[in-house]
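Colleague: To be precise about what I am sending: the file is called entry22.cif and holds mmCIF, C-alpha atoms and all ligand atoms.
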data_upload
loop_
_atom_site.label_atom_id
_atom_site.label_comp_id
_atom_site.auth_asym_id
_atom_site.auth_seq_id
_atom_site.Cartn_x
_atom_site.Cartn_y
_atom_site.Cartn_z
CA MET A 7 321.83 9.13 -12.95
CA GLU A 8 323.73 6.07 -14.20
CA SER A 9 321.56 4.18 -16.67
CA ASP A 10 322.91 0.60 -16.51
CA ASP A 11 320.45 -1.93 -15.16
CA LYS A 12 322.33 -3.52 -12.31
CA GLY A 13 319.57 -5.86 -11.23
CA LEU A 14 317.20 -6.31 -8.34
CA VAL A 15 318.22 -5.88 -4.69
CA CYS A 16 316.36 -5.63 -1.39
CA VAL A 17 317.03 -3.10 1.39
CA THR A 18 315.30 -3.86 4.68
CA GLY A 19 313.95 -0.99 6.78
CA GLY A 20 313.63 1.63 4.04
CA THR A 21 312.25 4.31 6.36
CA GLY A 22 315.55 4.37 8.28
CA TYR A 23 318.34 6.91 8.05
CA VAL A 24 321.06 4.62 6.68
CA ALA A 25 318.69 2.55 4.52
CA SER A 26 316.98 5.50 2.83
CA TRP A 27 320.35 7.02 1.90
CA LEU A 28 321.52 3.65 0.61
CA ILE A 29 318.35 3.32 -1.49
CA MET A 30 318.98 6.74 -3.01
CA ARG A 31 322.50 5.71 -4.05
CA LEU A 32 321.41 2.26 -5.33
CA LEU A 33 318.74 3.83 -7.54
CA GLN A 34 321.24 6.36 -8.78
CA GLN A 35 323.68 3.58 -9.69
CA GLY A 36 321.15 1.64 -11.74
CA TYR A 37 319.70 -0.90 -9.30
CA THR A 38 316.04 -1.73 -9.01
CA VAL A 39 315.25 -1.73 -5.31
CA ARG A 40 312.68 -3.44 -3.17
CA THR A 41 312.49 -2.09 0.33
CA THR A 42 310.59 -3.26 3.37
CA LEU A 43 308.56 -1.07 5.68
CA ARG A 44 306.76 -2.05 8.84
CA PRO A 45 303.02 -2.48 8.23
CA HIS A 46 302.14 0.65 10.25
CA SER A 47 304.23 2.73 7.78
CA GLY A 48 301.21 3.07 5.52
CA GLN A 49 300.08 6.00 7.67
CA ARG A 50 303.37 7.85 7.21
CA ASP A 51 304.52 10.38 4.67
CA LEU A 52 306.90 8.31 2.56
CA SER A 53 307.60 11.01 -0.01
CA PHE A 54 311.29 11.12 1.06
CA LEU A 55 311.47 7.65 -0.52
CA THR A 56 308.89 7.81 -3.27
CA SER A 57 310.20 11.13 -4.61
CA LEU A 58 313.79 9.90 -4.94
CA PRO A 59 315.09 10.15 -8.53
CA GLY A 60 314.13 6.93 -10.32
CA ALA A 61 311.81 5.77 -7.53
CA THR A 62 308.65 5.82 -9.63
CA GLU A 63 310.01 3.15 -11.95
CA LYS A 64 312.56 1.34 -9.81
CA LEU A 65 311.56 1.45 -6.14
CA HIS A 66 309.04 -1.07 -4.84
CA LEU A 67 307.67 -1.04 -1.31
CA PHE A 68 306.84 -4.17 0.71
CA HIS A 69 305.60 -4.70 4.25
CA ALA A 70 307.68 -6.80 6.65
CA ASP A 71 308.49 -6.93 10.37
CA LEU A 72 311.41 -8.56 12.18
CA ASN A 73 308.89 -10.12 14.58
CA GLU A 74 307.73 -12.21 11.62
CA PRO A 75 310.89 -13.08 9.67
CA ASP A 76 308.97 -14.87 6.96
CA SER A 77 307.25 -11.59 6.13
CA PHE A 78 310.49 -10.60 4.29
CA ARG A 79 310.12 -13.48 1.82
CA ALA A 80 308.08 -11.62 -0.82
CA ALA A 81 310.56 -8.74 -0.92
CA ILE A 82 313.65 -10.98 -1.03
CA GLU A 83 312.68 -13.71 -3.49
CA GLY A 84 314.09 -12.91 -6.94
CA CYS A 85 316.70 -10.44 -5.67
CA THR A 86 320.42 -10.94 -6.27
CA GLY A 87 321.37 -9.16 -3.08
CA VAL A 88 319.98 -8.13 0.28
CA PHE A 89 321.12 -5.20 2.42
CA HIS A 90 319.76 -5.97 5.87
CA VAL A 91 319.65 -2.58 7.59
CA ALA A 92 316.35 -2.76 9.54
CA HIS A 93 316.99 -2.72 13.26
CA PRO A 94 315.13 -1.36 16.29
CA VAL A 95 317.21 1.74 17.08
CA GLY A 96 314.97 4.46 18.56
CA ASN A 97 313.03 4.07 21.84
CA ILE A 98 314.64 0.69 22.48
CA ASN A 99 314.25 1.08 26.25
CA ALA A 100 310.51 0.50 25.78
CA ILE A 101 311.24 -3.19 25.06
CA PRO A 102 313.04 -5.49 27.56
CA GLU A 103 316.61 -6.16 26.39
CA ASP A 104 316.22 -9.94 26.12
CA GLU A 105 313.05 -9.55 24.04
CA LEU A 106 314.80 -7.06 21.78
CA ALA A 107 317.82 -9.33 21.32
CA LYS A 108 315.61 -12.35 20.61
CA MET A 109 313.59 -10.43 18.03
CA THR A 110 316.60 -9.03 16.18
CA VAL A 111 318.59 -12.29 16.23
CA GLU A 112 315.64 -14.42 15.17
CA GLY A 113 314.60 -11.80 12.61
CA THR A 114 318.08 -11.74 11.10
CA LEU A 115 318.41 -15.53 11.06
CA GLY A 116 314.98 -15.74 9.45
CA ILE A 117 316.04 -13.28 6.74
CA LEU A 118 319.22 -15.30 6.09
CA LYS A 119 317.10 -18.46 5.79
CA VAL A 120 314.81 -16.77 3.27
CA CYS A 121 317.91 -15.59 1.33
CA ALA A 122 319.33 -19.12 1.25
CA GLU A 123 316.00 -20.58 0.14
CA SER A 124 315.52 -17.94 -2.56
CA LYS A 125 318.27 -19.46 -4.77
CA THR A 126 318.65 -15.97 -6.30
CA VAL A 127 320.41 -14.07 -3.52
CA LYS A 128 324.17 -14.12 -4.06
CA ARG A 129 325.23 -11.82 -1.27
CA VAL A 130 323.86 -10.37 1.97
CA VAL A 131 325.31 -7.17 3.44
CA TYR A 132 324.32 -6.79 7.10
CA THR A 133 324.65 -3.37 8.74
CA SER A 134 326.04 -3.55 12.24
CA SER A 135 327.46 -0.97 14.62
CA ALA A 136 330.76 0.15 16.15
CA ALA A 137 329.23 -1.04 19.42
CA THR A 138 330.20 -4.57 18.37
CA VAL A 139 333.93 -3.75 18.42
CA VAL A 140 334.75 -0.81 20.69
CA TYR A 141 333.43 -1.75 24.15
CA SER A 142 335.90 -3.65 26.23
CA GLU A 143 337.57 -3.49 29.69
CA GLU A 144 340.83 -4.05 27.92
CA ARG A 145 342.20 -0.80 26.47
CA ARG A 146 342.92 -1.25 22.79
CA GLU A 147 344.43 1.57 20.74
CA VAL A 148 343.05 0.19 17.51
CA VAL A 149 340.25 -2.27 16.84
CA ASP A 150 339.54 -4.05 13.59
CA GLU A 151 337.28 -6.77 12.18
CA ASN A 152 338.92 -9.39 14.42
CA THR A 153 337.77 -7.58 17.56
CA TRP A 154 334.49 -8.16 19.41
CA SER A 155 333.13 -6.01 22.24
CA ASP A 156 332.80 -7.60 25.67
CA ILE A 157 329.13 -8.46 25.79
CA ASP A 158 328.78 -7.43 29.47
CA PHE A 159 330.48 -4.03 29.18
CA THR A 160 327.60 -1.89 28.02
CA GLY A 161 325.43 -0.20 30.67
CA ASN A 162 323.65 3.03 31.53
CA GLU A 163 326.12 5.64 30.34
CA THR A 164 324.74 9.04 29.57
CA HIS A 165 324.65 10.24 26.01
CA TYR A 166 327.67 12.47 26.64
CA LYS A 167 329.72 9.51 27.82
CA HIS A 168 328.86 7.69 24.63
CA LEU A 169 330.30 10.63 22.73
CA GLU A 170 333.71 10.21 24.37
CA GLY A 171 335.92 9.15 21.47
CA THR A 172 333.20 8.55 18.91
CA SER A 173 334.17 7.12 15.53
CA MET A 174 332.58 9.04 12.70
CA VAL A 175 331.84 8.72 9.01
CA HIS A 176 329.64 10.51 6.51
CA VAL A 177 326.40 8.63 5.78
CA ASP A 178 327.08 8.88 2.04
CA ASP A 179 330.38 7.05 2.55
CA VAL A 180 328.43 4.42 4.55
CA ALA A 181 326.02 3.94 1.63
CA SER A 182 328.91 3.72 -0.84
CA ALA A 183 330.72 1.19 1.36
CA HIS A 184 327.61 -1.01 1.41
CA ILE A 185 327.51 -0.99 -2.40
CA HIS A 186 331.29 -1.49 -2.61
CA VAL A 187 331.28 -4.70 -0.54
CA PHE A 188 328.18 -5.91 -2.36
CA GLU A 189 329.82 -5.47 -5.75
CA ASN A 190 333.29 -6.69 -4.75
CA PRO A 191 333.48 -10.43 -5.60
CA ASN A 192 336.23 -10.96 -3.02
CA ALA A 193 334.38 -9.31 -0.12
CA LYS A 194 334.03 -11.57 2.90
CA GLY A 195 333.32 -11.23 6.60
CA ARG A 196 333.14 -8.03 8.61
CA TYR A 197 334.07 -4.53 7.38
CA ILE A 198 334.55 -1.47 9.56
CA CYS A 199 333.59 1.82 7.91
CA SER A 200 334.94 4.70 10.02
CA ASN A 201 336.75 7.80 8.90
CA GLY A 202 337.99 9.40 12.09
CA LYS A 203 337.54 9.81 15.80
CA LEU A 204 337.13 12.85 18.05
CA SER A 205 337.11 12.93 21.84
CA LEU A 206 334.40 14.96 23.57
CA THR A 207 336.78 17.86 24.28
CA GLU A 208 338.21 17.72 20.75
CA LEU A 209 334.63 17.84 19.49
CA SER A 210 333.92 20.95 21.60
CA VAL A 211 337.05 22.72 20.29
CA PHE A 212 336.36 21.65 16.70
CA LEU A 213 332.69 22.72 16.70
CA SER A 214 333.24 26.01 18.61
CA ALA A 215 335.93 27.11 16.16
CA LYS A 216 333.91 26.12 13.12
CA TYR A 217 330.47 27.33 14.25
CA PRO A 218 331.02 30.34 16.58
CA ASP A 219 327.35 31.34 16.17
CA ILE A 220 326.13 28.11 17.81
CA VAL A 221 326.27 27.53 21.56
CA ILE A 222 328.54 24.51 22.09
CA PRO A 223 329.36 23.11 25.58
CA THR A 224 332.80 24.44 26.54
CA VAL A 225 335.82 22.23 27.25
CA ASP A 226 335.64 23.37 30.87
CA SER A 227 332.00 22.36 31.22
CA LEU A 228 332.84 18.90 29.92
CA LYS A 229 335.92 18.23 32.01
CA ASP A 230 334.12 16.24 34.73
CA ILE A 231 332.41 13.90 32.31
CA LYS A 232 334.31 10.66 32.49
CA GLY A 233 333.51 8.47 29.60
CA PHE A 234 335.60 5.61 28.44
CA SER A 235 338.05 6.49 25.75
CA LYS A 236 337.16 4.24 22.88
CA SER A 237 339.66 2.71 20.50
CA ILE A 238 340.28 3.85 16.96
CA CYS A 239 338.19 1.76 14.57
CA SER A 240 340.46 0.71 11.73
CA SER A 241 339.00 0.71 8.23
CA LYS A 242 342.20 -0.74 6.75
CA LYS A 243 340.42 -3.85 5.48
CA LEU A 244 337.83 -1.75 3.64
CA VAL A 245 340.43 0.64 2.18
CA ASP A 246 342.72 -2.25 1.18
CA SER A 247 339.78 -3.73 -0.73
CA GLY A 248 339.71 -0.60 -2.90
CA PHE A 249 337.20 1.63 -1.11
CA LYS A 250 337.90 5.38 -1.07
CA PHE A 251 336.35 7.69 1.52
CA LYS A 252 334.93 10.80 -0.13
CA TYR A 253 334.12 12.99 2.89
CA SER A 254 336.07 14.55 5.76
CA LEU A 255 334.80 15.17 9.30
CA ASP A 256 334.28 18.81 8.24
CA ASP A 257 331.85 17.55 5.59
CA VAL A 258 330.06 15.39 8.19
CA PHE A 259 329.46 18.33 10.54
CA ASP A 260 328.75 20.85 7.80
CA GLY A 261 326.04 18.57 6.45
CA ALA A 262 324.58 17.77 9.86
CA ILE A 263 324.50 21.39 11.03
CA GLN A 264 323.12 22.64 7.75
CA SER A 265 320.38 20.03 7.97
CA CYS A 266 319.58 20.98 11.61
CA LYS A 267 319.33 24.63 10.57
CA GLU A 268 317.02 23.80 7.67
CA LYS A 269 314.77 21.80 10.01
CA GLY A 270 314.78 24.58 12.61
CA PHE A 271 316.51 22.53 15.32
CA ILE A 272 319.17 25.24 15.65
CA SER A 273 319.12 28.83 14.48
N1 LIG B 301 322.78 6.11 12.20
C1 LIG B 301 324.00 5.88 12.64
O1 LIG B 301 324.73 6.81 13.02
C2 LIG B 301 324.53 4.47 12.68
C3 LIG B 301 325.88 4.30 12.98
C4 LIG B 301 326.40 3.00 13.03
C5 LIG B 301 325.57 1.92 12.78
N2 LIG B 301 324.27 2.12 12.50
C6 LIG B 301 323.45 0.92 12.30
O2 LIG B 301 322.68 1.03 11.12
C7 LIG B 301 321.44 0.34 11.30
C8 LIG B 301 320.31 1.30 10.95
O3 LIG B 301 320.44 2.45 11.77
P1 LIG B 301 319.67 3.81 11.44
O4 LIG B 301 320.41 4.89 12.11
O5 LIG B 301 319.38 3.91 10.00
O6 LIG B 301 318.32 3.54 12.24
P2 LIG B 301 316.85 4.10 11.99
O7 LIG B 301 316.86 5.37 11.23
O8 LIG B 301 316.16 4.09 13.31
O9 LIG B 301 316.21 2.97 11.05
C9 LIG B 301 315.89 1.72 11.56
C10 LIG B 301 314.98 1.03 10.57
O10 LIG B 301 314.66 -0.27 11.07
C11 LIG B 301 313.23 -0.41 11.05
N3 LIG B 301 312.77 -1.29 12.11
C12 LIG B 301 312.80 -1.09 13.45
N4 LIG B 301 312.22 -2.13 14.07
C13 LIG B 301 311.81 -3.01 13.10
C14 LIG B 301 311.12 -4.23 13.12
N5 LIG B 301 310.70 -4.80 14.26
N6 LIG B 301 310.88 -4.83 11.93
C15 LIG B 301 311.24 -4.26 10.77
N7 LIG B 301 311.89 -3.09 10.69
C16 LIG B 301 312.17 -2.46 11.86
C17 LIG B 301 312.70 0.99 11.26
O11 LIG B 301 311.36 1.04 10.88
P3 LIG B 301 310.36 2.16 11.47
O12 LIG B 301 310.67 3.41 10.70
O13 LIG B 301 309.01 1.61 11.19
O14 LIG B 301 310.66 2.28 12.93
C18 LIG B 301 313.65 1.77 10.36
O15 LIG B 301 313.26 1.63 9.02
C19 LIG B 301 321.41 -0.12 12.76
O16 LIG B 301 321.81 -1.45 12.84
C20 LIG B 301 322.43 0.79 13.43
O17 LIG B 301 323.04 0.18 14.56
C21 LIG B 301 323.72 3.37 12.43
#
Can you present the structure in this file as structure tokens?
Modeller:
Amino acid sequence: MESDDKGLVCVTGGTGYVASWLIMRLLQQGYTVRTTLRPHSGQRDLSFLTSLPGATEKLHLFHADLNEPDSFRAAIEGCTGVFHVAHPVGNINAIPEDELAKMTVEGTLGILKVCAESKTVKRVVYTSSAATVVYSEERREVVDENTWSDIDFTGNETHYKHLEGTSMVHVDDVASAHIHVFENPNAKGRYICSNGKLSLTELSVFLSAKYPDIVIPTVDSLKDIKGFSKSICSSKKLVDSGFKFKYSLDDVFDGAIQSCKEKGFIS
């Protein structure tokens, strides 16, 4: 573990996939981290956070909910940076879309207001999604930080359709990219972090060849699924700023499949 004390930062939504990995890397790189959990999290097993190397001394847990933006104040005040990663991701169909949008927009604006009032926060890194750039009636070969999805284009596609032409990146590269833009004094605006794209049929060929012991839907069985072919998400801005991707798509799938095997999801 790096020993330098890099100061105090806040990561919202510490129980999440991206946030927990980011916390692990921040602790490893010498940051002291405050993270926010929803109040009901007290009932959960949080050992995946509390047992991280360095967590005993340098990880501090706070309660906060996007429905009450001011609840983030205690965790944010005194920090030099905030990584806002908390977002309702799972089971979102249980909440009407307009309510969900209102909660996340007002929650995010409230967090920005707390950051501005803190006088200590120098930079906020907000985690978004490829969904903000790839969905459009207009076919674009490549999208970058100047592109915005058409707001009316999303709908009720099946999960398989969403996989048509999915941009991919290893979660560890995502965590490193967060820290890179936080630490880069010239960082500004949006950054895409994507390290490759596979179509659904390419994915079938790739996975079948690599994992012959796992049942993967065949190319033939997928041929009638008509998704929309999404554009390539360009990470040129991130790479030009000095960021280096560490992992290939092989690493992404090796890690994911190994993890699924360990958890018993596949044998
Ligand atoms: N995972 C990916 O492949 C991926 C790819 C691209 C972009 N992203 C973006 O990364 C962000 C995080 O995604 P993720 O995959 O890490 O999601 P996740 O594992 O579901 O984590 C979401 C986090 O947000 C918290 N949260 C949900 N509703 C909240 C609320 N009302 N108030 C406070 N916290 C709340 C959750 O808390 P609970 O545990 O209490 O529910 C959890 O800690 C999202 O913006 C997502 O779009 C993720």
Colleague: Show me which residues line ligand LIG 301 (chain B), defined as having an atom within 9 Å of a ligand atom where all atoms listed in the file count, and present them as a ChimeraX atom specification.
Modeller: /A:18-27,42-47,69-75,90-96,106,109-110,113,132-137,174-177,180,199
Colleague: Between A:Leu228, A:Tyr217, A:Trp154, A:Phe251, which has the minimum distance to Ser200 in chain A (counting only C-alpha atoms)?
Modeller: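 Distance minimum relative to Ser200 in chain A lands on A:Phe251.
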Colleague: Work out how far CA of Phe188 in chain A is from CA of Cys121 in chain A, in Å to one decimal.
Modeller: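 Interatomic distance here is 14.6 Å.
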Colleague: Could you jot down the CA of Asp150 in chain A to CA of Thr138 in chain A separation for me, Å, one decimal place?
Modeller: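 It comes out at 10.5 Å.
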Colleague: If we count only C-alpha atoms and set the cut-off at 9 Å, which residues sit around range 11-17 of chain A, ignoring sequence neighbours fewer than 5 positions away in its own chain? Please answer as a PyMOL selection string.
Modeller: chain A and resi 25-26+28-29+32+35-42+81-82+84-92+127
Colleague: To one decimal in Å, tell me the separation between CA of Ile198 in chain A and CA of Lys250 in chain A.
Modeller: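 The value is 13.1 Å.
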Colleague: Let me have the centre and edge lengths of the axis-aligned box enclosing all listed atoms of range 39-51 of chain A with 8 Å padding on every side, in Å to one decimal, as JSON.
Modeller:
{"center_x": 307.7, "center_y": 3.5, "center_z": 2.5, "size_x": 31.2, "size_y": 29.8, "size_z": 31.6}
Colleague: Mind checking which residues fall within 10 Å of Ile263 in chain A, counting all atoms listed in the file, ignoring those fewer than 6 positions away in the same chain, and posting them as a list in words?
Modeller: Tyr217, Ile220, Asp257, Lys269, Phe271, Ile272 and Ser273 of chain A
Colleague: Around the point (338.0, -5.3, 10.7), in the coordinates given by the file, pick out the residues reaching within 8 Å, counting all atoms listed in the file, and return them as a PyMOL selection string.
Modeller: chain A and resi 149-153+196-198+240-244
Colleague: Could you write those residues out with C-alpha atoms, as an mmCIF file, in the coordinates of the input?
Modeller:
data_model
loop_
_atom_site.group_PDB
_atom_site.id
_atom_site.type_symbol
_atom_site.label_atom_id
_atom_site.label_comp_id
_atom_site.auth_asym_id
_atom_site.auth_seq_id
_atom_site.Cartn_x
_atom_site.Cartn_y
_atom_site.Cartn_z
ATOM 1 C CA VAL A 149 340.250 -2.270 16.840
ATOM 2 C CA ASP A 150 339.540 -4.050 13.590
ATOM 3 C CA GLU A 151 337.280 -6.770 12.180
ATOM 4 C CA ASN A 152 338.920 -9.390 14.420
ATOM 5 C CA THR A 153 337.770 -7.580 17.560
ATOM 6 C CA ARG A 196 333.140 -8.030 8.610
ATOM 7 C CA TYR A 197 334.070 -4.530 7.380
ATOM 8 C CA ILE A 198 334.550 -1.470 9.560
ATOM 9 C CA SER A 240 340.460 0.710 11.730
ATOM 10 C CA SER A 241 339.000 0.710 8.230
ATOM 11 C CA LYS A 242 342.200 -0.740 6.750
ATOM 12 C CA LYS A 243 340.420 -3.850 5.480
ATOM 13 C CA LEU A 244 337.830 -1.750 3.640
#
Colleague: For each of A:Val225, A:Val130, A:Ala181, A:Ala61, take the minimum atom-to-atom distance to Arg31 in chain A, counting all atoms listed in the file, then give the residue where this is smallest.
Modeller: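 Closest to Arg31 in chain A, using all atoms listed in the file: A:Ala181.
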Colleague: Quick one: residues within 12 Å of Val221 in chain A, all atoms listed in the file counted, chain neighbours fewer than 5 positions away excluded, as a ChimeraX atom specification?
Modeller: /A:210-211,213-216,272-273
Colleague: Using all atoms listed in the file for the distances, tell me which of A:Ile238, A:Gly116, A:Val187, A:Thr126 is nearest to Ser205 in chain A.
Modeller: A:Ile238
Colleague: Considering all atoms listed in the file, can you say which of A:Pro218, A:Asp156, A:Leu255, A:Ala183 comes closest to Leu204 in chain A?
Modeller: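 Answer, going by the shortest atom-to-atom distance: A:Leu255.
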Colleague: Looking at only C-alpha atoms, which of A:Glu112, A:Lys252, A:Gln34, A:Leu58 is the one that sits closest to Asp178 in chain A?
Modeller: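 Distance minimum relative to Asp178 in chain A lands on A:Lys252.
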